[in-house]
file protein27.json (JSON, C-alpha atoms)
[["chain", "number", "residue", "atom", "x", "y", "z"],
["X", 1, "ARG", "CA", 227.25, -58.38, -33.44],
["X", 2, "ASN", "CA", 227.66, -59.10, -37.11],
["X", 3, "GLN", "CA", 227.62, -62.94, -36.70],
["X", 4, "GLU", "CA", 224.49, -64.66, -37.78],
["X", 5, "LYS", "CA", 224.97, -67.78, -35.60],
["X", 6, "LEU", "CA", 225.40, -66.95, -31.93],
["X", 7, "ILE", "CA", 226.76, -69.47, -29.38],
["X", 8, "PRO", "CA", 225.31, -69.08, -25.85],
["X", 9, "VAL", "CA", 227.85, -69.26, -23.02],
["X", 10, "THR", "CA", 227.57, -69.53, -19.22],
["X", 11, "ILE", "CA", 229.61, -67.21, -17.08],
["X", 12, "GLU", "CA", 230.53, -68.13, -13.51],
["X", 13, "LYS", "CA", 232.55, -66.34, -10.89],
["X", 14, "VAL", "CA", 235.95, -68.02, -10.39],
["X", 15, "GLU", "CA", 236.29, -69.68, -6.99],
["X", 16, "ARG", "CA", 238.09, -72.59, -5.33],
["X", 17, "GLY", "CA", 236.22, -75.95, -5.54],
["X", 18, "GLU", "CA", 236.55, -79.71, -5.70],
["X", 19, "ILE", "CA", 236.84, -81.65, -8.96],
["X", 20, "ILE", "CA", 234.79, -84.82, -8.91],
["X", 21, "SER", "CA", 235.36, -87.49, -11.53],
["X", 22, "ILE", "CA", 232.47, -89.90, -12.10],
["X", 23, "VAL", "CA", 232.79, -93.15, -14.04],
["X", 24, "THR", "CA", 229.80, -95.26, -15.03],
["X", 25, "ALA", "CA", 230.47, -99.00, -15.23],
["X", 26, "ASN", "CA", 228.45, -102.20, -15.36],
["X", 27, "GLY", "CA", 229.03, -104.71, -12.57],
["X", 28, "LYS", "CA", 227.49, -106.69, -9.77],
["X", 29, "VAL", "CA", 227.32, -106.57, -5.99],
["X", 30, "GLU", "CA", 228.29, -109.81, -4.26],
["X", 31, "ALA", "CA", 229.26, -111.10, -0.85],
["X", 32, "LYS", "CA", 232.93, -110.92, 0.05],
["X", 33, "THR", "CA", 232.75, -114.42, 1.60],
["X", 34, "ARG", "CA", 230.90, -117.15, -0.29],
["X", 35, "VAL", "CA", 231.03, -120.87, 0.47],
["X", 36, "ASN", "CA", 230.00, -123.55, -2.02],
["X", 37, "ILE", "CA", 228.43, -126.47, -0.14],
["X", 38, "SER", "CA", 229.26, -129.77, -1.85],
["X", 39, "ALA", "CA", 228.96, -133.37, -0.74],
["X", 40, "ASP", "CA", 231.96, -135.41, 0.40],
["X", 41, "VAL", "CA", 229.98, -138.64, -0.09],
["X", 42, "MET", "CA", 227.81, -139.82, -2.95],
["X", 43, "GLY", "CA", 224.14, -140.51, -2.36],
["X", 44, "ARG", "CA", 220.56, -139.29, -2.43],
["X", 45, "ILE", "CA", 219.46, -136.23, -0.45],
["X", 46, "VAL", "CA", 216.90, -137.36, 2.16],
["X", 47, "ASN", "CA", 216.61, -134.15, 4.19],
["X", 48, "LEU", "CA", 217.01, -130.52, 3.12],
["X", 49, "PRO", "CA", 215.55, -128.37, 5.93],
["X", 50, "VAL", "CA", 216.55, -124.98, 4.45],
["X", 51, "VAL", "CA", 215.20, -122.74, 1.68],
["X", 52, "ASP", "CA", 216.71, -120.19, -0.67],
["X", 53, "GLY", "CA", 217.22, -116.83, 1.07],
["X", 54, "GLN", "CA", 217.16, -118.31, 4.59],
["X", 55, "HIS", "CA", 219.68, -117.11, 7.17],
["X", 56, "VAL", "CA", 221.64, -119.98, 8.75],
["X", 57, "GLU", "CA", 223.96, -120.09, 11.74],
["X", 58, "LYS", "CA", 227.33, -121.84, 11.82],
["X", 59, "GLY", "CA", 226.82, -125.54, 12.67],
["X", 60, "GLN", "CA", 223.16, -125.59, 11.58],
["X", 61, "LEU", "CA", 221.95, -128.70, 9.69],
["X", 62, "LEU", "CA", 221.84, -128.09, 5.94],
["X", 63, "VAL", "CA", 221.67, -131.48, 4.21],
["X", 64, "GLU", "CA", 221.37, -135.15, 5.09],
["X", 65, "ILE", "CA", 222.42, -137.78, 2.57],
["X", 66, "ASP", "CA", 221.05, -141.35, 2.65],
["X", 67, "LYS", "CA", 223.05, -143.30, 5.25],
["X", 68, "ALA", "CA", 221.84, -146.87, 4.59],
["X", 69, "GLN", "CA", 224.89, -148.01, 2.60],
["X", 70, "ILE", "CA", 227.32, -146.18, 4.88],
["X", 71, "LEU", "CA", 225.76, -147.72, 8.02],
["X", 72, "ALA", "CA", 226.11, -151.16, 6.41],
["X", 73, "ASP", "CA", 229.79, -150.39, 5.70],
["X", 74, "VAL", "CA", 230.31, -149.32, 9.33],
["X", 75, "ALA", "CA", 228.73, -152.56, 10.59],
["X", 76, "GLN", "CA", 230.90, -154.60, 8.20],
["X", 77, "MET", "CA", 234.07, -152.81, 9.34],
["X", 78, "ARG", "CA", 233.18, -153.32, 13.00],
["X", 79, "ALA", "CA", 232.73, -157.05, 12.32],
["X", 80, "SER", "CA", 236.07, -157.13, 10.48],
["X", 81, "LEU", "CA", 237.77, -155.43, 13.43],
["X", 82, "ALA", "CA", 236.24, -157.91, 15.88],
["X", 83, "GLN", "CA", 237.41, -160.79, 13.69],
["X", 84, "ALA", "CA", 240.91, -159.31, 13.46],
["X", 85, "LYS", "CA", 241.05, -158.93, 17.26],
["X", 86, "VAL", "CA", 240.13, -162.60, 17.70],
["X", 87, "GLY", "CA", 242.87, -163.51, 15.22],
["X", 88, "LEU", "CA", 245.32, -161.37, 17.20],
["X", 89, "GLU", "CA", 244.40, -163.12, 20.47],
["X", 90, "GLU", "CA", 244.93, -166.51, 18.85],
["X", 91, "ALA", "CA", 248.27, -165.42, 17.38],
["X", 92, "GLN", "CA", 249.36, -164.00, 20.76],
["X", 93, "ILE", "CA", 248.47, -167.23, 22.59],
["X", 94, "GLU", "CA", 250.27, -169.30, 19.95],
["X", 95, "PHE", "CA", 253.33, -167.05, 20.09],
["X", 96, "ASP", "CA", 253.49, -167.16, 23.91],
["X", 97, "ARG", "CA", 253.29, -170.96, 23.79],
["X", 98, "LYS", "CA", 256.01, -171.21, 21.11],
["X", 99, "GLU", "CA", 258.22, -168.73, 22.96],
["X", 100, "LYS", "CA", 258.16, -170.87, 26.10],
["X", 101, "LEU", "CA", 258.96, -173.98, 24.07],
["X", 102, "TYR", "CA", 261.72, -172.17, 22.19],
["X", 103, "LYS", "CA", 263.37, -170.99, 25.42],
["X", 104, "ARG", "CA", 263.42, -174.60, 26.60],
["X", 105, "LYS", "CA", 264.92, -175.62, 23.22],
["X", 106, "LEU", "CA", 261.92, -177.86, 22.42],
["X", 107, "ILE", "CA", 261.10, -176.26, 19.02],
["X", 108, "SER", "CA", 263.23, -174.99, 16.19],
["X", 109, "GLN", "CA", 264.07, -171.39, 15.31],
["X", 110, "VAL", "CA", 261.87, -171.74, 12.19],
["X", 111, "GLU", "CA", 258.74, -172.57, 14.22],
["X", 112, "TYR", "CA", 259.44, -169.70, 16.62],
["X", 113, "ASP", "CA", 259.97, -167.23, 13.72],
["X", 114, "LEU", "CA", 256.77, -168.43, 12.07],
["X", 115, "ALA", "CA", 254.80, -167.77, 15.29],
["X", 116, "ARG", "CA", 256.32, -164.27, 15.53],
["X", 117, "THR", "CA", 255.45, -163.57, 11.88],
["X", 118, "ASN", "CA", 251.85, -164.72, 12.44],
["X", 119, "LEU", "CA", 251.61, -162.41, 15.45],
["X", 120, "ASP", "CA", 252.96, -159.46, 13.43],
["X", 121, "ARG", "CA", 250.49, -160.24, 10.64],
["X", 122, "ALA", "CA", 247.60, -160.33, 13.15],
["X", 123, "VAL", "CA", 248.66, -156.94, 14.59],
["X", 124, "ALA", "CA", 248.75, -155.50, 11.05],
["X", 125, "LEU", "CA", 245.28, -156.88, 10.31],
["X", 126, "VAL", "CA", 243.89, -155.23, 13.46],
["X", 127, "ASP", "CA", 245.47, -151.90, 12.44],
["X", 128, "GLN", "CA", 244.04, -152.26, 8.94],
["X", 129, "ALA", "CA", 240.56, -153.04, 10.31],
["X", 130, "LYS", "CA", 240.76, -150.01, 12.63],
["X", 131, "ALA", "CA", 241.70, -147.76, 9.71],
["X", 132, "SER", "CA", 238.82, -149.13, 7.60],
["X", 133, "LEU", "CA", 236.36, -148.56, 10.45],
["X", 134, "SER", "CA", 237.71, -145.04, 10.96],
["X", 135, "ARG", "CA", 237.21, -144.29, 7.25],
["X", 136, "ALA", "CA", 233.65, -145.69, 7.33],
["X", 137, "LEU", "CA", 232.80, -143.60, 10.42],
["X", 138, "ASP", "CA", 234.23, -140.53, 8.66],
["X", 139, "GLN", "CA", 231.97, -141.22, 5.67],
["X", 140, "LEU", "CA", 229.01, -141.55, 8.04],
["X", 141, "GLU", "CA", 229.83, -138.19, 9.62],
["X", 142, "LYS", "CA", 230.17, -136.56, 6.18],
["X", 143, "SER", "CA", 226.69, -137.72, 5.17],
["X", 144, "THR", "CA", 225.36, -134.92, 7.40],
["X", 145, "ILE", "CA", 226.38, -131.47, 6.18],
["X", 146, "ARG", "CA", 226.32, -128.51, 8.55],
["X", 147, "ALA", "CA", 226.85, -124.81, 7.84],
["X", 148, "PRO", "CA", 230.57, -123.91, 7.94],
["X", 149, "ILE", "CA", 229.77, -120.20, 8.39],
["X", 150, "SER", "CA", 226.84, -118.03, 9.43],
["X", 151, "GLY", "CA", 225.21, -116.40, 6.43],
["X", 152, "THR", "CA", 222.38, -116.42, 3.92],
["X", 153, "ILE", "CA", 221.64, -119.16, 1.39],
["X", 154, "THR", "CA", 221.98, -117.22, -1.85],
["X", 155, "THR", "CA", 221.76, -120.21, -4.21],
["X", 156, "LEU", "CA", 219.98, -123.53, -3.69],
["X", 157, "ASN", "CA", 220.66, -125.96, -6.54],
["X", 158, "SER", "CA", 219.33, -129.26, -5.17],
["X", 159, "GLU", "CA", 216.08, -130.78, -3.92],
["X", 160, "VAL", "CA", 215.18, -133.73, -1.70],
["X", 161, "GLY", "CA", 215.47, -136.95, -3.71],
["X", 162, "GLU", "CA", 218.27, -135.76, -6.00],
["X", 163, "ASN", "CA", 221.55, -137.64, -6.13],
["X", 164, "VAL", "CA", 224.75, -135.78, -5.36],
["X", 165, "ILE", "CA", 228.21, -136.75, -6.57],
["X", 166, "ILE", "CA", 231.59, -135.94, -5.09],
["X", 167, "GLY", "CA", 234.13, -133.89, -7.00],
["X", 168, "THR", "CA", 237.08, -135.38, -8.84],
["X", 169, "MET", "CA", 239.99, -133.85, -10.70],
["X", 170, "ASN", "CA", 237.98, -133.32, -13.90],
["X", 171, "ASN", "CA", 234.50, -133.02, -12.37],
["X", 172, "PRO", "CA", 233.74, -130.32, -9.78],
["X", 173, "GLY", "CA", 230.93, -132.39, -8.24],
["X", 174, "THR", "CA", 227.49, -131.26, -7.16],
["X", 175, "VAL", "CA", 227.27, -127.80, -5.58],
["X", 176, "ILE", "CA", 224.19, -128.24, -3.41],
["X", 177, "MET", "CA", 223.97, -124.62, -2.28],
["X", 178, "VAL", "CA", 225.94, -121.42, -1.76],
["X", 179, "ILE", "CA", 226.10, -119.63, 1.61],
["X", 180, "SER", "CA", 227.11, -115.95, 1.53],
["X", 181, "ASP", "CA", 228.11, -113.71, 4.41],
["X", 182, "LEU", "CA", 226.23, -110.53, 3.48],
["X", 183, "SER", "CA", 227.71, -108.50, 6.36],
["X", 184, "GLU", "CA", 230.56, -107.60, 3.98],
["X", 185, "ILE", "CA", 229.83, -107.06, 0.30],
["X", 186, "GLU", "CA", 231.90, -105.83, -2.61],
["X", 187, "VAL", "CA", 231.20, -104.45, -6.06],
["X", 188, "LYS", "CA", 232.86, -106.07, -9.06],
["X", 189, "ALA", "CA", 232.65, -103.84, -12.14],
["X", 190, "ASP", "CA", 234.28, -103.67, -15.56],
["X", 191, "VAL", "CA", 235.82, -100.20, -15.93],
["X", 192, "ASP", "CA", 236.77, -99.06, -19.41],
["X", 193, "GLU", "CA", 240.52, -98.74, -19.95],
["X", 194, "THR", "CA", 240.24, -95.07, -20.87],
["X", 195, "GLU", "CA", 238.47, -94.32, -17.57],
["X", 196, "ILE", "CA", 240.92, -96.13, -15.25],
["X", 197, "GLY", "CA", 242.91, -92.96, -14.53]]

call {"tool": "encode", "arguments": {"input": "protein27.json", "output": "C-alpha coordinates"}}
result
Amino acid sequence: RNQEKLIPVTIEKVERGEIISIVTANGKVEAKTRVNISADVMGRIVNLPVVDGQHVEKGQLLVEIDKAQILADVAQMRASLAQAKVGLEEAQIEFDRKEKLYKRKLISQVEYDLARTNLDRAVALVDQAKASLSRALDQLEKSTIRAPISGTITTLNSEVGENVIIGTMNNPGTVIMVISDLSEIEVKADVDETEIG
(Lines of atoms letter the chains of each structure in order from A and count residues from 1; the text may use other names and numbers.)
(Lines give C-alpha, C1' and ligand atoms only; values in the text may rest on other atoms or scores of the structure.)
Protein backbone atom coordinates (compact mmCIF):
# COMPACT_ATOMS: atom_id res chain seq x y z
CA ARG A 1 0.00 0.00 0.00
CA ASN A 2 2.90 2.30 0.62
CA GLN A 3 4.48 1.80 -2.87
CA GLU A 4 4.08 4.65 -5.25
CA LYS A 5 4.50 2.56 -8.45
CA LEU A 6 2.05 -0.32 -8.66
CA ILE A 7 2.48 -3.24 -11.10
CA PRO A 8 -0.81 -4.74 -12.36
CA VAL A 9 -0.97 -8.54 -12.39
CA THR A 10 -3.41 -11.08 -13.87
CA ILE A 11 -4.64 -13.89 -11.70
CA GLU A 12 -5.89 -17.14 -13.22
CA LYS A 13 -7.18 -20.31 -11.66
CA VAL A 14 -4.62 -23.14 -11.98
CA GLU A 15 -5.75 -25.91 -14.31
CA ARG A 16 -4.31 -28.53 -16.66
CA GLY A 17 -3.69 -27.28 -20.25
CA GLU A 18 -1.57 -27.62 -23.36
CA ILE A 19 1.60 -25.61 -23.97
CA ILE A 20 1.85 -24.41 -27.55
CA SER A 21 5.14 -23.09 -28.88
CA ILE A 22 4.90 -20.82 -31.92
CA VAL A 23 7.88 -19.84 -34.06
CA THR A 24 7.71 -17.18 -36.75
CA ALA A 25 10.05 -17.73 -39.71
CA ASN A 26 10.45 -16.43 -43.24
CA GLY A 27 10.25 -18.98 -46.04
CA LYS A 28 8.49 -20.03 -49.21
CA VAL A 29 5.95 -22.61 -50.29
CA GLU A 30 7.01 -24.72 -53.27
CA ALA A 31 6.07 -27.91 -55.04
CA LYS A 32 7.65 -31.10 -53.75
CA THR A 33 8.25 -32.30 -57.33
CA ARG A 34 9.63 -29.82 -59.87
CA VAL A 35 11.02 -30.69 -63.30
CA ASN A 36 13.26 -28.35 -65.29
CA ILE A 37 12.53 -28.77 -69.01
CA SER A 38 15.70 -28.33 -71.06
CA ALA A 39 16.55 -29.13 -74.66
CA ASP A 40 18.65 -32.15 -75.63
CA VAL A 41 19.30 -30.63 -79.07
CA MET A 42 20.36 -27.13 -80.08
CA GLY A 43 18.09 -25.05 -82.26
CA ARG A 44 15.37 -22.44 -82.55
CA ILE A 45 11.97 -22.90 -80.88
CA VAL A 46 9.32 -23.06 -83.62
CA ASN A 47 6.31 -24.11 -81.54
CA LEU A 48 5.48 -23.41 -77.89
CA PRO A 49 1.78 -24.28 -77.42
CA VAL A 50 1.69 -23.71 -73.63
CA VAL A 51 1.54 -20.65 -71.36
CA ASP A 52 2.71 -19.87 -67.85
CA GLY A 53 0.30 -21.26 -65.23
CA GLN A 54 -1.24 -23.83 -67.60
CA HIS A 55 -1.91 -27.36 -66.36
CA VAL A 56 -0.34 -30.03 -68.59
CA GLU A 57 -0.76 -33.79 -68.69
CA LYS A 58 2.09 -36.29 -68.95
CA GLY A 59 3.02 -36.77 -72.63
CA GLN A 60 1.51 -33.45 -73.76
CA LEU A 61 3.46 -31.45 -76.37
CA LEU A 62 5.46 -28.64 -74.76
CA VAL A 63 8.09 -27.49 -77.27
CA GLU A 64 9.12 -28.13 -80.86
CA ILE A 65 12.62 -27.22 -82.01
CA ASP A 66 13.45 -26.53 -85.67
CA LYS A 67 13.97 -29.91 -87.38
CA ALA A 68 15.37 -28.81 -90.78
CA GLN A 69 19.02 -29.57 -90.01
CA ILE A 70 18.19 -32.78 -88.16
CA LEU A 71 16.00 -34.04 -91.04
CA ALA A 72 18.88 -33.34 -93.43
CA ASP A 73 21.20 -35.34 -91.14
CA VAL A 74 18.71 -38.24 -91.09
CA ALA A 75 18.52 -38.23 -94.90
CA GLN A 76 22.32 -38.16 -95.14
CA MET A 77 22.68 -41.07 -92.69
CA ARG A 78 20.06 -43.11 -94.58
CA ALA A 79 22.02 -42.53 -97.80
CA SER A 80 25.26 -43.54 -96.05
CA LEU A 81 23.61 -46.73 -94.79
CA ALA A 82 22.32 -47.57 -98.28
CA GLN A 83 25.80 -47.00 -99.69
CA ALA A 84 27.37 -49.17 -96.99
CA LYS A 85 24.87 -51.97 -97.73
CA VAL A 86 25.80 -51.86 -101.43
CA GLY A 87 29.47 -52.05 -100.43
CA LEU A 88 28.68 -55.04 -98.22
CA GLU A 89 26.90 -56.85 -101.07
CA GLU A 90 29.88 -56.26 -103.35
CA ALA A 91 32.31 -57.47 -100.68
CA GLN A 92 30.16 -60.56 -100.03
CA ILE A 93 30.02 -61.44 -103.74
CA GLU A 94 33.78 -60.93 -104.07
CA PHE A 95 34.46 -63.02 -100.97
CA ASP A 96 32.20 -65.88 -102.15
CA ARG A 97 33.99 -65.88 -105.51
CA LYS A 98 37.46 -65.87 -103.89
CA GLU A 99 36.44 -68.57 -101.43
CA LYS A 100 35.45 -70.92 -104.25
CA LEU A 101 38.72 -70.21 -106.06
CA TYR A 102 40.71 -70.67 -102.85
CA LYS A 103 39.11 -74.06 -102.16
CA ARG A 104 40.13 -75.15 -105.65
CA LYS A 105 43.66 -73.84 -104.96
CA LEU A 106 43.42 -71.32 -107.82
CA ILE A 107 44.30 -68.21 -105.73
CA SER A 108 46.77 -67.59 -102.95
CA GLN A 109 46.11 -67.33 -99.22
CA VAL A 110 46.90 -63.59 -99.44
CA GLU A 111 44.11 -62.91 -101.97
CA TYR A 112 41.64 -64.94 -99.91
CA ASP A 113 42.61 -63.09 -96.69
CA LEU A 114 42.28 -59.75 -98.47
CA ALA A 115 38.74 -60.65 -99.60
CA ARG A 116 37.81 -61.67 -96.03
CA THR A 117 39.26 -58.41 -94.67
CA ASN A 118 37.27 -56.38 -97.22
CA LEU A 119 34.11 -58.23 -96.19
CA ASP A 120 34.78 -57.53 -92.49
CA ARG A 121 35.41 -53.87 -93.29
CA ALA A 122 32.12 -53.66 -95.22
CA VAL A 123 30.22 -55.22 -92.28
CA ALA A 124 31.82 -52.67 -89.93
CA LEU A 125 30.84 -49.80 -92.25
CA VAL A 126 27.21 -51.00 -92.28
CA ASP A 127 27.21 -51.17 -88.46
CA GLN A 128 28.73 -47.69 -88.28
CA ALA A 129 26.11 -46.30 -90.70
CA LYS A 130 23.31 -47.91 -88.67
CA ALA A 131 24.64 -46.34 -85.47
CA SER A 132 24.88 -42.91 -87.14
CA LEU A 133 21.31 -43.20 -88.43
CA SER A 134 20.11 -44.29 -85.00
CA ARG A 135 21.79 -41.25 -83.43
CA ALA A 136 20.25 -38.91 -86.04
CA LEU A 137 16.78 -40.41 -85.45
CA ASP A 138 17.28 -39.96 -81.70
CA GLN A 139 18.12 -36.28 -82.28
CA LEU A 140 14.99 -35.95 -84.41
CA GLU A 141 12.87 -37.44 -81.62
CA LYS A 142 14.46 -35.12 -79.04
CA SER A 143 13.54 -32.05 -81.09
CA THR A 144 9.97 -32.55 -79.82
CA ILE A 145 9.70 -32.17 -76.04
CA ARG A 146 6.74 -33.65 -74.19
CA ALA A 147 5.73 -33.29 -70.54
CA PRO A 148 7.50 -35.90 -68.36
CA ILE A 149 4.94 -35.44 -65.56
CA SER A 150 1.45 -34.01 -65.09
CA GLY A 151 1.57 -30.64 -63.40
CA THR A 152 1.44 -26.87 -63.75
CA ILE A 153 3.90 -24.71 -65.67
CA THR A 154 5.23 -22.50 -62.88
CA THR A 155 8.02 -20.85 -64.88
CA LEU A 156 8.21 -20.17 -68.61
CA ASN A 157 11.59 -18.76 -69.62
CA SER A 158 11.51 -19.01 -73.43
CA GLU A 159 9.48 -17.74 -76.37
CA VAL A 160 8.96 -18.88 -79.97
CA GLY A 161 11.95 -17.84 -82.06
CA GLU A 162 14.52 -18.08 -79.27
CA ASN A 163 17.50 -20.38 -79.61
CA VAL A 164 18.08 -23.04 -77.00
CA ILE A 165 21.40 -24.64 -76.15
CA ILE A 166 22.14 -28.00 -74.59
CA GLY A 167 23.90 -28.27 -71.26
CA THR A 168 27.56 -29.10 -70.88
CA MET A 169 29.77 -29.69 -67.87
CA ASN A 170 30.31 -25.97 -67.22
CA ASN A 171 27.09 -24.64 -68.76
CA PRO A 172 23.70 -25.79 -67.46
CA GLY A 173 22.01 -25.07 -70.80
CA THR A 174 18.69 -23.39 -71.46
CA VAL A 175 15.89 -24.15 -68.99
CA ILE A 176 12.87 -23.59 -71.21
CA MET A 177 10.27 -24.03 -68.46
CA VAL A 178 9.60 -25.58 -65.07
CA ILE A 179 6.71 -27.99 -64.44
CA SER A 180 5.60 -28.42 -60.81
CA ASP A 181 3.31 -31.05 -59.34
CA LEU A 182 1.22 -28.88 -56.99
CA SER A 183 -0.67 -31.85 -55.51
CA GLU A 184 2.13 -32.07 -52.92
CA ILE A 185 3.75 -28.89 -51.64
CA GLU A 186 6.25 -28.17 -48.90
CA VAL A 187 7.33 -25.14 -46.93
CA LYS A 188 11.01 -24.24 -46.81
CA ALA A 189 11.75 -21.75 -44.03
CA ASP A 190 14.82 -20.42 -42.23
CA VAL A 191 14.32 -21.02 -38.50
CA ASP A 192 16.54 -19.12 -36.10
CA GLU A 193 19.01 -21.32 -34.22
CA THR A 194 17.65 -20.24 -30.84
CA GLU A 195 14.13 -21.34 -31.85
CA ILE A 196 15.03 -24.81 -33.19
CA GLY A 197 14.26 -26.52 -29.87

call {"tool": "atom_distance", "arguments": {"input": "protein27.json", "atom1": "CA of Leu101 in chain X", "atom2": "CA of Asp127 in chain X"}}
result
28.4 Å

call {"tool": "residues_around", "arguments": {"input": "protein27.json", "residues": "Met42 in chain X", "least_positions_apart": "4", "cutoff": "9 Å", "atoms": "only C-alpha atoms", "output": "short mmCIF file (atom, residue, chain, number, x, y, z; two decimals) with C-alpha atoms, in the frame of the given file"}}
result
data_model
loop_
_atom_site.label_atom_id
_atom_site.label_comp_id
_atom_site.auth_asym_id
_atom_site.auth_seq_id
_atom_site.Cartn_x
_atom_site.Cartn_y
_atom_site.Cartn_z
CA ILE X 65 222.42 -137.78 2.57
CA ASP X 66 221.05 -141.35 2.65
CA SER X 143 226.69 -137.72 5.17
CA ASN X 163 221.55 -137.64 -6.13
CA VAL X 164 224.75 -135.78 -5.36
CA ILE X 165 228.21 -136.75 -6.57
CA ILE X 166 231.59 -135.94 -5.09
#

call {"tool": "atom_distance", "arguments": {"input": "protein27.json", "atom1": "CA of Ala129 in chain X", "atom2": "CA of Lys67 in chain X"}}
result
20.7 Å

call {"tool": "closest_residue", "arguments": {"input": "protein27.json", "among": "X:Ile149, X:Ile185, X:Val9, X:Leu62", "to": "Val50 in chain X", "atoms": "all atoms listed in the file"}}
result
X:Leu62

call {"tool": "closest_residue", "arguments": {"input": "protein27.json", "among": "X:Gln69, X:Thr24, X:Gln92, X:Ser108", "to": "Ala136 in chain X", "atoms": "only C-alpha atoms"}}
result
X:Gln69
